[in-house]
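Undergrad: Got a file for you: start22.txt, compact mmCIF, C-alpha atoms and all ligand atoms.
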# COMPACT_ATOMS: atom_id res chain seq x y z
CA MET A 1 101.85 117.40 112.29
CA SER A 2 99.22 120.07 111.69
CA ARG A 3 98.46 122.65 114.41
CA ASP A 4 94.96 122.92 112.95
CA CYS A 5 94.29 119.22 113.46
CA LEU A 6 92.78 117.97 116.72
CA PHE A 7 94.19 114.44 116.44
CA CYS A 8 97.68 115.75 115.58
CA ARG A 9 97.58 117.87 118.75
CA ILE A 10 96.42 114.85 120.80
CA ALA A 11 99.16 112.65 119.30
CA GLU A 12 101.77 115.31 120.07
CA GLY A 13 100.48 115.76 123.63
CA SER A 14 99.35 119.39 123.45
CA GLU A 15 95.65 118.44 123.68
CA ARG A 16 94.23 116.17 126.39
CA ALA A 17 92.72 112.77 125.67
CA ASP A 18 92.24 109.46 127.43
CA ILE A 19 95.04 107.46 125.79
CA VAL A 20 94.73 103.70 126.25
CA TYR A 21 97.58 102.58 123.96
CA SER A 22 100.55 104.27 122.36
CA ASP A 23 103.44 103.15 120.17
CA PRO A 24 105.82 105.00 117.84
CA ASP A 25 103.28 104.98 114.99
CA VAL A 26 99.82 104.88 116.57
CA ILE A 27 97.80 106.11 119.54
CA VAL A 28 94.47 104.74 120.74
CA ILE A 29 92.13 107.05 122.67
CA ARG A 30 88.63 106.84 124.14
CA ASP A 31 86.03 108.58 121.97
CA ILE A 32 84.64 111.65 123.74
CA HIS A 33 81.08 110.80 122.57
CA PRO A 34 80.96 107.00 122.85
CA ARG A 35 78.46 105.16 120.64
CA ALA A 36 79.00 101.85 122.43
CA PRO A 37 80.16 100.76 125.90
CA VAL A 38 83.66 100.54 124.43
CA HIS A 39 84.39 103.17 121.76
CA LEU A 40 88.04 103.76 120.92
CA LEU A 41 89.76 105.65 118.11
CA VAL A 42 92.89 104.14 116.57
CA ILE A 43 94.90 107.03 115.16
CA PRO A 44 98.17 107.04 113.20
CA ARG A 45 100.60 109.72 114.43
CA GLN A 46 101.21 110.73 110.82
CA HIS A 47 98.71 113.28 109.54
CA LEU A 48 96.58 111.85 106.73
CA GLY A 49 93.24 113.54 106.11
CA SER A 50 91.29 110.38 105.40
CA ALA A 51 91.57 106.83 104.08
CA ASP A 52 91.61 108.35 100.61
CA GLU A 53 95.00 109.97 101.31
CA VAL A 54 96.78 106.77 102.33
CA GLU A 55 99.50 105.80 99.83
CA ASP A 56 101.82 103.75 102.05
CA PRO A 57 100.12 100.46 102.98
CA SER A 58 102.24 100.19 106.14
CA VAL A 59 99.95 102.84 107.65
CA TRP A 60 97.10 100.32 107.54
CA SER A 61 99.34 97.63 108.94
CA SER A 62 100.26 99.78 111.96
CA VAL A 63 96.71 100.96 112.59
CA MET A 64 94.95 97.61 112.17
CA ASN A 65 97.57 95.73 114.16
CA ALA A 66 97.17 98.21 117.02
CA ALA A 67 93.38 97.87 116.86
CA VAL A 68 93.48 94.08 117.08
CA ARG A 69 96.12 94.13 119.79
CA VAL A 70 94.08 96.50 121.96
CA ALA A 71 90.93 94.44 121.35
CA ARG A 72 92.77 91.31 122.50
CA ASP A 73 94.32 93.04 125.51
CA MET A 74 90.91 94.37 126.58
CA GLY A 75 89.29 90.95 126.13
CA LEU A 76 86.86 92.20 123.48
CA CYS A 77 87.13 89.26 121.08
CA ALA A 78 84.70 86.95 122.88
CA GLY A 79 81.82 89.43 122.72
CA GLY A 80 82.77 90.67 119.28
CA TYR A 81 83.89 94.07 118.11
CA ARG A 82 83.57 96.26 115.05
CA LEU A 83 86.22 98.31 113.22
CA VAL A 84 84.87 101.25 111.19
CA VAL A 85 86.48 103.85 108.94
CA ASN A 86 84.31 106.76 107.84
CA CYS A 87 85.83 108.26 104.68
CA GLY A 88 84.33 111.59 103.64
CA ALA A 89 81.36 113.63 104.81
CA GLY A 90 78.83 111.34 103.13
CA ALA A 91 80.04 108.44 105.25
CA GLY A 92 79.94 110.53 108.43
CA GLN A 93 83.57 111.62 108.76
CA THR A 94 83.83 114.69 111.01
CA VAL A 95 87.52 114.75 112.01
CA TYR A 96 89.85 114.91 109.01
CA HIS A 97 92.74 112.94 110.40
CA LEU A 98 92.60 109.23 109.57
CA HIS A 99 91.22 107.03 112.35
CA VAL A 100 89.59 103.65 112.85
CA HIS A 101 86.70 103.35 115.30
CA LEU A 102 86.88 100.27 117.55
CA LEU A 103 83.42 99.58 118.97
CA ALA A 104 82.41 96.81 121.37
CA GLY A 105 80.19 95.93 124.29
CA ARG A 106 76.80 95.73 122.61
CA ILE A 107 75.04 94.05 119.67
CA PHE A 108 75.62 95.82 116.34
CA GLN A 109 73.13 95.93 113.47
CA TRP A 110 74.06 95.00 109.92
CA PRO A 111 74.22 96.84 107.62
CA PRO A 112 75.26 99.92 109.60
CA GLY A 113 72.94 102.91 109.31
P1 LIG B 1 84.42 110.53 112.50
O1 LIG B 1 83.03 111.14 112.62
O2 LIG B 1 84.44 109.17 111.88
O3 LIG B 1 85.35 111.51 111.83
O4 LIG B 1 84.90 110.29 113.99
C1 LIG B 1 85.41 111.32 114.77
C2 LIG B 1 85.22 110.91 116.19
O5 LIG B 1 86.03 111.73 117.00
C3 LIG B 1 83.78 111.08 116.72
O6 LIG B 1 83.28 109.82 117.15
C4 LIG B 1 83.92 112.07 117.87
O7 LIG B 1 83.08 111.78 118.96
C5 LIG B 1 85.39 111.91 118.23
N1 LIG B 1 86.01 113.05 118.88
C6 LIG B 1 85.90 114.36 118.54
N2 LIG B 1 86.65 115.12 119.36
C7 LIG B 1 87.26 114.27 120.24
C8 LIG B 1 88.16 114.45 121.32
N3 LIG B 1 88.61 115.67 121.70
N4 LIG B 1 88.58 113.35 122.00
C9 LIG B 1 88.12 112.13 121.65
N5 LIG B 1 87.28 111.89 120.63
C10 LIG B 1 86.84 112.96 119.93
ZN ZN B 2 96.26 115.45 111.94
For the structure just supplied, provide its representation as structure tokens.
TA:
Amino acid sequence: MSRDCLFCRIAEGSERADIVYSDPDVIVIRDIHPRAPVHLLVIPRQHLGSADEVEDPSVWSSVMNAAVRVARDMGLCAGGYRLVVNCGAGAGQTVYHLHVHLLAGRIFQWPPG
């Protein structure tokens, strides 16, 4: 837990967010600036600055399982959804606490911009 980290404060409950799923390892919140009709952030409770800092593969297991579970529960599979991890400033990362974007509800271009 880092007091300086927005997603740590949200996970701990000291900062408000629209939480759509929560378990002992992961929270899922609505993105405050949605880029698609459904735009969620799948966030491990453990502070890791980016994908580059992950050593324990069980972090990915928790995060990706939560993402797929929420997508199923929200009925997103039929229309398709996209999972995105921005790692580092060059890839567009702006919040340095690991998270996976879950985007759905529109057609997505490939490759991403
Ligand atoms: P990234 O640019 O990949 O690091 O993604 C960070 C995401 O966090 C962006 O899509 C932001 O819109 C989102 N974001 C920033 N602050 C908040 C907040 N307080 N609540 C929810 N989402 C946020
Ligand atoms: Zn953090």
Undergrad: Can I get the residues close to ligand ZN 2 (chain B) as a list of chain:residue names, where close means within 6 Å and we count only C-alpha atoms and all ligand atoms?
TA: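 The neighbouring residues of ligand ZN 2 (chain B) are, in order, A:Met1, A:Ser2, A:Cys5, A:Phe7, A:Cys8, A:His47, A:His97.
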Undergrad: Please provide as a list in words all residues within 10 Å of Ile32 (chain A), with the sequence filter that same-chain residues fewer than 6 positions apart are discarded (counting all atoms listed in the file).
TA: Ala17, Asp18, His39, Leu40 and Leu41 of chain A
Undergrad: List as a list in words the protein and nucleic acid residues near Gln109 (chain A), meaning an atom at most 12 Å away when all atoms listed in the file are counted, but skip any in the same chain fewer than 4 places from it.
TA: Tyr81, Arg82 and Gly113 of chain A
Undergrad: In Å, with one decimal, what is the gap from CA of Gly80 (chain A) to CA of Arg16 (chain A)?
TA: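 Answer for the CA of Gly80 (chain A) to CA of Arg16 (chain A) separation: 28.8 Å.
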Undergrad: Within 10 Å of ligand LIG 1 (chain B) (counting all atoms listed in the file), which residues show up? I'd like them as a PyMOL selection string.
TA: chain A and resi 6-7+9-10+15-19+28-35+39-41+49-50+84-89+91-101
Undergrad: For Ile27 (chain A), work out the shell of residues within 9 Å, counting all atoms listed in the file and skipping chain neighbours fewer than 3 positions away, then give it as an mmCIF file with C-alpha atoms, keeping the file's coordinate frame.
TA:
data_model
loop_
_atom_site.group_PDB
_atom_site.id
_atom_site.type_symbol
_atom_site.label_atom_id
_atom_site.label_comp_id
_atom_site.auth_asym_id
_atom_site.auth_seq_id
_atom_site.Cartn_x
_atom_site.Cartn_y
_atom_site.Cartn_z
ATOM 1 C CA ILE A 10 96.420 114.850 120.800
ATOM 2 C CA ALA A 11 99.160 112.650 119.300
ATOM 3 C CA ILE A 19 95.040 107.460 125.790
ATOM 4 C CA VAL A 20 94.730 103.700 126.250
ATOM 5 C CA TYR A 21 97.580 102.580 123.960
ATOM 6 C CA SER A 22 100.550 104.270 122.360
ATOM 7 C CA ASP A 23 103.440 103.150 120.170
ATOM 8 C CA PRO A 24 105.820 105.000 117.840
ATOM 9 C CA LEU A 41 89.760 105.650 118.110
ATOM 10 C CA VAL A 42 92.890 104.140 116.570
ATOM 11 C CA ILE A 43 94.900 107.030 115.160
ATOM 12 C CA PRO A 44 98.170 107.040 113.200
ATOM 13 C CA ARG A 45 100.600 109.720 114.430
ATOM 14 C CA VAL A 63 96.710 100.960 112.590
ATOM 15 C CA ALA A 66 97.170 98.210 117.020
#
Undergrad: Identify which of the residues A:Leu103, A:Ser58, A:Ala51, A:Ser14 lies closest to Met74 (chain A), counting all atoms listed in the file when measuring atom-to-atom distances.
TA: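 Looking only at the distances to Met74 (chain A), the closest residue turns out to be A:Leu103.
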Undergrad: As AutoDock Vina command-line options, please: the centre and edge lengths in Å, to one decimal, of an axis-aligned box enclosing every listed atom of region 91-110 of chain A with 5 Å added on each side.
TA:
--center_x 82.9 --center_y 104.5 --center_z 114.8 --size_x 29.6 --size_y 30.9 --size_z 29.0
Undergrad: So how far away is CA of Leu102 (chain A) from CA of Gly13 (chain A), in Å?
TA: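 Atom-to-atom, CA of Gly13 (chain A) and CA of Leu102 (chain A) are spaced 21.5 Å apart.
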Undergrad: One decimal, in Å: what's the spacing between CA of Ala104 (chain A) and CA of Glu55 (chain A)?
TA: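 Straight-line distance from CA of Ala104 (chain A) to CA of Glu55 (chain A) works out to 28.9 Å.
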Undergrad: In terms of the shortest atom-to-atom distance over all atoms listed in the file, which of A:Arg106, A:Pro111, A:Val26, A:Glu12 is closest to Ala78 (chain A)?
TA: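 Closest candidate: A:Arg106.
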Undergrad: For Ser61 (chain A), which residue among A:Leu76, A:Asp25, A:Val38, A:Pro112 is the nearest when counting only C-alpha atoms?
TA: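 Checking each of A:Leu76, A:Asp25, A:Val38, A:Pro112 against Ser61 (chain A), counting only C-alpha atoms, the winner is A:Asp25.
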Undergrad: Hey, which of A:Val54, A:Leu48, A:Cys77, A:Met64 ends up closest to Gly105 (chain A)? Count only C-alpha atoms.
TA: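 Of all the options, A:Cys77 lies closest to Gly105 (chain A).
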